[in-house]
Structure formats: structure tokens, C-alpha cells
Amino acid sequence: MLSTRHEIFIEVATLLSFSKASEVLFISQPAISKHIKALEFFYKTTLFERKGHAIQLSRGGSLLLERLKAAKKIQNELEFEMSVMNDQLKAKGQLKLGASTTVALYIIPKILSAFHQTFPEVKISLLNRNTDTILKALADHDIDIGIVEGKKKNAAISYQPFGTDEVIAVCSAKSPLAKKKSLTVQEIKNYPVVLREHGSGTLAALKYNLEKHGLKLAALNVNVRLGGTEALKNFLREDNCLGFLPKGSVLKELKDGDLVTVHIEDFQIIRNFFFIQRHGTENNELCKTFIRFCKNSL
């Protein structure tokens, strides 16, 4: 088991802030400073260096953080494996997940709820960001498993299929576009378009499928870019732009008549989602259990 001092160090080192660590851990800053000083005395080295009002890890601090993260990973794996041997309902562990926006908001919550009911003692955290940010979080060991759209060439990451969804073209029921029976792919560039931010899996899927039909993303009349599915959806409800959103994210709006589907001839965007893990971590029992649970739930 990692000591309390080591756990405090990990939090400070991750946040690079004594004050933020104090808020997260509900421990006073003087107490946190006392624990860090005790570790520095034990290891005979400085763990943090001050740069103005900020702090950064020293060489010794970076080494300690790297080793403690590895130790904590082993500790969490052992805790789950030992506890599940006796009683599944009392299985303990920590599962750190990351998912791209579509999955985090519209697909995974129901599965997470069922998993939590099956393993109530497992602590779950979910990072909701775009695909590029989830990939970085996995590389930085901030999460154990990611669920993202598409595959990227990265020798350090393994992929397993998760599921699929469809991205559709929509607009406000008040938009002139709503009266159009259909558009050709080339006609898209004649209308104002709102897009997701760079790094979004939805944007990448749109770009790929447009290019298959000979239309570059740069050729579109892009008036606005918005970060996040909900922001884009709410914007479209009030504006005349054409937008592209995961079908699962707009079911209610389509049913209520706030948004309508814009049919584009011979144009369909089907996305593949994948579990991603760092190579070498695929045999983690808790992660394997979660992935198996997800596949059985879909």
C-alpha cells in the first residue's frame, strides 16, 4: 500500500499546485507542505522547484512520480484481483476511463450505471473530451481505458472494437434548408455550415467522408466552430446553419421538431468506436472485466 505521504505527493505532482491539492484532498496547505518536506528529507532530494508563483517537478520529483504511478497501478490491480476472488459484489478497484464526447454523453452512461450496480465497490471516473485529448490522457497514464472514434497509427496503443454510430446532417426547423428535400454532396458548400473543433472525432469522420466524394473541408462555408456536441446542437436550434451531429445526440430534438434531418444524396457517415489501451496493460483484470461487460451490454 502506498503511504499517505506518497498519495499526497502524487496529487501535488499531478496538479502542480499545493492549493489545488489541498482542495481535492481536504487537507490544509501547511499539512501538505509538511508531508512533502518529510518525503524530501527521506529521499534526500528536492521534489519540487519554484518558478515564480508556479511549481514544477525536479528531476528527483519526476522520477518519484513515474515510479509511484507504476506502483499505484499494481496496487489497484492487486486490490481488484484479491477482492473479486471472494465476492464479486465486494470487488474493489479504481477504473479511470476516458471517452470522446459522443460516447461519454450518449452511449456509456447506461453501461456505467449497470457496471456500478454489479461492482458497487469499484471507483469509477470518466474523462469527457475530444478524441485527441483522450489519446493524450492515455499516453500520460491519466486514464486506463479510452473509447474513441477511429484508429490512429500509434505503436504504443492497442485497439479493440466497441461499437458504431451514425453522424447525420441536421438544421433548425426554422432554417430555409429544412424545406430542401435533399442536397448533393457538392451543394453543401453553397450553405453556411457550423463545425466541431479540431481534434473532434465527429469532424474527422465528416472530413474523411467528404473527401471520398471529392469535397475538401476547406471548401465549406464555415461560419462557426464550436467545442462540444451540446454547444453545436443548441446553436443549430437557433441558427440557419447546416451541422453534422451524432444521430444519438439529436433524437429528442428530431422527435420534438426543433431540428430536422437534411438528406444528402449517397452520403452516409458511419463511425467505428474502439477501446484503446496502452500496450502491455491489456491483461489488467479490472480493465478486461469492464471491456467484457461493455460488449455484453451493447
# chains A, B, ... in the order shown; residues from 1 in each chain; ligands from 1

$ residues_around --residues "His6 of chain A" --least-positions-apart "4" --cutoff "12 Å" --atoms "only C-alpha atoms" --output "PyMOL selection string"
chain A and resi 1-2+10-13+32+35-40+42-43+47+61+64-69+71-72

$ write_last_selection --atoms "N, CA and C atoms" --output "PDB file, in the first residue's frame"
ATOM      1  N   MET A   1       0.834  -1.200   0.000  1.00  0.00           N
ATOM      2  CA  MET A   1       0.000   0.000   0.000  1.00  0.00           C
ATOM      3  C   MET A   1       0.869   1.251   0.000  1.00  0.00           C
ATOM      4  N   LEU A   2       0.537   2.203  -0.853  1.00  0.00           N
ATOM      5  CA  LEU A   2       1.261   3.463  -0.841  1.00  0.00           C
ATOM      6  C   LEU A   2       0.923   4.223   0.438  1.00  0.00           C
ATOM      7  N   ILE A  10       1.587  12.444  -5.108  1.00  0.00           N
ATOM      8  CA  ILE A  10       1.041  12.188  -6.447  1.00  0.00           C
ATOM      9  C   ILE A  10       0.048  13.282  -6.834  1.00  0.00           C
ATOM     10  N   GLU A  11      -0.796  13.688  -5.882  1.00  0.00           N
ATOM     11  CA  GLU A  11      -1.804  14.710  -6.176  1.00  0.00           C
ATOM     12  C   GLU A  11      -1.146  16.059  -6.466  1.00  0.00           C
ATOM     13  N   VAL A  12      -0.182  16.442  -5.640  1.00  0.00           N
ATOM     14  CA  VAL A  12       0.506  17.722  -5.846  1.00  0.00           C
ATOM     15  C   VAL A  12       1.267  17.697  -7.169  1.00  0.00           C
ATOM     16  N   ALA A  13       1.933  16.571  -7.438  1.00  0.00           N
ATOM     17  CA  ALA A  13       2.747  16.451  -8.653  1.00  0.00           C
ATOM     18  C   ALA A  13       1.878  16.453  -9.908  1.00  0.00           C
ATOM     19  N   ILE A  32       0.006  19.650   3.893  1.00  0.00           N
ATOM     20  CA  ILE A  32       0.554  19.092   2.656  1.00  0.00           C
ATOM     21  C   ILE A  32       2.044  19.409   2.556  1.00  0.00           C
ATOM     22  N   HIS A  35       4.087  17.109   4.736  1.00  0.00           N
ATOM     23  CA  HIS A  35       4.263  15.763   4.174  1.00  0.00           C
ATOM     24  C   HIS A  35       5.305  15.766   3.048  1.00  0.00           C
ATOM     25  N   ILE A  36       5.279  16.788   2.212  1.00  0.00           N
ATOM     26  CA  ILE A  36       6.249  16.866   1.107  1.00  0.00           C
ATOM     27  C   ILE A  36       7.668  17.038   1.658  1.00  0.00           C
ATOM     28  N   LYS A  37       7.814  17.877   2.675  1.00  0.00           N
ATOM     29  CA  LYS A  37       9.128  18.079   3.292  1.00  0.00           C
ATOM     30  C   LYS A  37       9.641  16.789   3.920  1.00  0.00           C
ATOM     31  N   ALA A  38       8.742  15.998   4.498  1.00  0.00           N
ATOM     32  CA  ALA A  38       9.135  14.719   5.087  1.00  0.00           C
ATOM     33  C   ALA A  38       9.642  13.761   4.012  1.00  0.00           C
ATOM     34  N   LEU A  39       8.986  13.768   2.853  1.00  0.00           N
ATOM     35  CA  LEU A  39       9.449  12.922   1.745  1.00  0.00           C
ATOM     36  C   LEU A  39      10.803  13.387   1.232  1.00  0.00           C
ATOM     37  N   GLU A  40      10.989  14.698   1.133  1.00  0.00           N
ATOM     38  CA  GLU A  40      12.264  15.234   0.668  1.00  0.00           C
ATOM     39  C   GLU A  40      13.390  14.875   1.635  1.00  0.00           C
ATOM     40  N   PHE A  42      13.363  12.188   3.567  1.00  0.00           N
ATOM     41  CA  PHE A  42      13.573  10.750   3.443  1.00  0.00           C
ATOM     42  C   PHE A  42      14.410  10.412   2.212  1.00  0.00           C
ATOM     43  N   TYR A  43      14.095  11.050   1.073  1.00  0.00           N
ATOM     44  CA  TYR A  43      14.793  10.738  -0.171  1.00  0.00           C
ATOM     45  C   TYR A  43      16.055  11.579  -0.372  1.00  0.00           C
ATOM     46  N   LEU A  47      11.980  17.738  -4.317  1.00  0.00           N
ATOM     47  CA  LEU A  47      10.993  17.149  -5.217  1.00  0.00           C
ATOM     48  C   LEU A  47      10.316  18.175  -6.124  1.00  0.00           C
ATOM     49  N   GLY A  61      11.768  14.552  -8.351  1.00  0.00           N
ATOM     50  CA  GLY A  61      10.315  14.500  -8.269  1.00  0.00           C
ATOM     51  C   GLY A  61       9.703  13.773  -9.455  1.00  0.00           C
ATOM     52  N   LEU A  64      10.269  10.066  -8.955  1.00  0.00           N
ATOM     53  CA  LEU A  64       9.387   9.542  -7.922  1.00  0.00           C
ATOM     54  C   LEU A  64       7.964   9.396  -8.440  1.00  0.00           C
ATOM     55  N   LEU A  65       7.472  10.385  -9.168  1.00  0.00           N
ATOM     56  CA  LEU A  65       6.118  10.320  -9.707  1.00  0.00           C
ATOM     57  C   LEU A  65       5.975   9.150 -10.674  1.00  0.00           C
ATOM     58  N   GLU A  66       6.942   8.958 -11.531  1.00  0.00           N
ATOM     59  CA  GLU A  66       6.909   7.859 -12.500  1.00  0.00           C
ATOM     60  C   GLU A  66       6.818   6.508 -11.784  1.00  0.00           C
ATOM     61  N   ARG A  67       7.643   6.340 -10.746  1.00  0.00           N
ATOM     62  CA  ARG A  67       7.670   5.065 -10.007  1.00  0.00           C
ATOM     63  C   ARG A  67       6.397   4.870  -9.187  1.00  0.00           C
ATOM     64  N   LEU A  68       5.883   5.939  -8.612  1.00  0.00           N
ATOM     65  CA  LEU A  68       4.685   5.824  -7.792  1.00  0.00           C
ATOM     66  C   LEU A  68       3.453   5.514  -8.648  1.00  0.00           C
ATOM     67  N   LYS A  69       3.403   6.065  -9.861  1.00  0.00           N
ATOM     68  CA  LYS A  69       2.290   5.748 -10.759  1.00  0.00           C
ATOM     69  C   LYS A  69       2.297   4.264 -11.107  1.00  0.00           C
ATOM     70  N   ALA A  71       3.625   1.890  -9.261  1.00  0.00           N
ATOM     71  CA  ALA A  71       3.281   1.166  -8.039  1.00  0.00           C
ATOM     72  C   ALA A  71       1.786   1.223  -7.762  1.00  0.00           C
ATOM     73  N   LYS A  72       1.177   2.386  -8.004  1.00  0.00           N
ATOM     74  CA  LYS A  72      -0.262   2.540  -7.769  1.00  0.00           C
ATOM     75  C   LYS A  72      -1.063   1.671  -8.730  1.00  0.00           C
TER      76      LYS A  72
END

$ residues_around --residues "segment 172-185 of chain A" --least-positions-apart "6" --cutoff "8 Å" --atoms "only C-alpha atoms" --output "PyMOL selection string"
chain A and resi 210+213+215+236-242+257-267

$ atom_distance --atom1 "atom CA of Phe119 of chain A" --atom2 "atom CA of His141 of chain A"
23.2 Å

$ closest_residue --among "A:Glu285, A:Glu253, A:Glu187, A:Glu23" --to "Gln94 of chain A" --atoms "only C-alpha atoms"
A:Glu285

$ select_by_dssp --residues "segment 78-269 of chain A" --states "strand (DSSP E or B)" --output "PyMOL selection string"
chain A and resi 93-99+122-128+145-149+157-172+183+192-196+221-226+242-246+259-261+264+269

$ decode --residues "segment 224-253 of chain A" --atoms "N, CA and C atoms" --output "tab-separated table (two decimals), in the first residue's frame"
chain	number	residue	atom	x	y	z
A	224	VAL	N	-18.95	29.14	-38.20
A	224	VAL	CA	-18.74	28.98	-36.75
A	224	VAL	C	-18.13	27.62	-36.47
A	225	ARG	N	-17.24	27.57	-35.47
A	225	ARG	CA	-16.73	26.30	-34.93
A	225	ARG	C	-17.03	26.29	-33.44
A	226	LEU	N	-17.54	25.17	-32.95
A	226	LEU	CA	-17.91	25.09	-31.54
A	226	LEU	C	-17.31	23.83	-30.90
A	227	GLY	N	-16.88	23.96	-29.67
A	227	GLY	CA	-16.33	22.84	-28.92
A	227	GLY	C	-17.43	22.11	-28.19
A	228	GLY	N	-17.70	20.87	-28.59
A	228	GLY	CA	-18.68	20.06	-27.89
A	228	GLY	C	-19.98	19.87	-28.65
A	229	THR	N	-20.51	18.68	-28.54
A	229	THR	CA	-21.76	18.33	-29.23
A	229	THR	C	-22.94	19.15	-28.76
A	230	GLU	N	-23.07	19.32	-27.44
A	230	GLU	CA	-24.22	20.05	-26.91
A	230	GLU	C	-24.21	21.51	-27.36
A	231	ALA	N	-23.03	22.12	-27.37
A	231	ALA	CA	-22.94	23.52	-27.80
A	231	ALA	C	-23.36	23.65	-29.26
A	232	LEU	N	-22.89	22.72	-30.09
A	232	LEU	CA	-23.23	22.77	-31.52
A	232	LEU	C	-24.73	22.54	-31.72
A	233	LYS	N	-25.28	21.59	-30.99
A	233	LYS	CA	-26.71	21.28	-31.12
A	233	LYS	C	-27.57	22.47	-30.72
A	234	ASN	N	-27.24	23.10	-29.62
A	234	ASN	CA	-28.03	24.24	-29.15
A	234	ASN	C	-27.91	25.44	-30.09
A	235	PHE	N	-26.73	25.59	-30.69
A	235	PHE	CA	-26.54	26.66	-31.68
A	235	PHE	C	-27.43	26.42	-32.90
A	236	LEU	N	-27.46	25.18	-33.37
A	236	LEU	CA	-28.24	24.86	-34.56
A	236	LEU	C	-29.73	25.08	-34.36
A	237	ARG	N	-30.20	24.90	-33.15
A	237	ARG	CA	-31.63	25.10	-32.88
A	237	ARG	C	-32.05	26.55	-33.11
A	238	GLU	N	-31.09	27.47	-32.99
A	238	GLU	CA	-31.40	28.90	-33.09
A	238	GLU	C	-30.91	29.54	-34.38
A	239	ASP	N	-30.13	28.80	-35.17
A	239	ASP	CA	-29.49	29.41	-36.34
A	239	ASP	C	-29.96	28.73	-37.62
A	240	ASN	N	-29.52	29.28	-38.76
A	240	ASN	CA	-29.90	28.72	-40.06
A	240	ASN	C	-28.84	27.80	-40.66
A	241	CYS	N	-27.74	27.59	-39.95
A	241	CYS	CA	-26.64	26.79	-40.49
A	241	CYS	C	-26.99	25.31	-40.62
A	242	LEU	N	-26.20	24.65	-41.44
A	242	LEU	CA	-26.21	23.19	-41.54
A	242	LEU	C	-25.15	22.65	-40.59
A	243	GLY	N	-25.46	21.57	-39.89
A	243	GLY	CA	-24.50	20.97	-38.98
A	243	GLY	C	-24.50	19.46	-39.08
A	244	PHE	N	-23.45	18.84	-38.57
A	244	PHE	CA	-23.33	17.38	-38.59
A	244	PHE	C	-23.15	16.90	-37.16
A	245	LEU	N	-24.06	16.03	-36.70
A	245	LEU	CA	-24.07	15.59	-35.32
A	245	LEU	C	-24.35	14.10	-35.23
A	246	PRO	N	-23.87	13.45	-34.18
A	246	PRO	CA	-24.21	12.03	-33.97
A	246	PRO	C	-25.72	11.88	-33.84
A	247	LYS	N	-26.27	10.89	-34.50
A	247	LYS	CA	-27.73	10.70	-34.51
A	247	LYS	C	-28.28	10.54	-33.08
A	248	GLY	N	-27.54	9.81	-32.25
A	248	GLY	CA	-28.00	9.59	-30.88
A	248	GLY	C	-28.09	10.84	-30.05
A	249	SER	N	-27.38	11.89	-30.45
A	249	SER	CA	-27.37	13.12	-29.67
A	249	SER	C	-28.55	14.03	-29.98
A	250	VAL	N	-29.28	13.76	-31.09
A	250	VAL	CA	-30.35	14.67	-31.50
A	250	VAL	C	-31.71	13.97	-31.62
A	251	LEU	N	-31.84	12.78	-31.06
A	251	LEU	CA	-33.09	12.04	-31.17
A	251	LEU	C	-34.26	12.83	-30.59
A	252	LYS	N	-34.05	13.43	-29.43
A	252	LYS	CA	-35.12	14.19	-28.80
A	252	LYS	C	-35.50	15.41	-29.63
A	253	GLU	N	-34.49	16.13	-30.12
A	253	GLU	CA	-34.74	17.35	-30.90
A	253	GLU	C	-35.45	17.02	-32.21
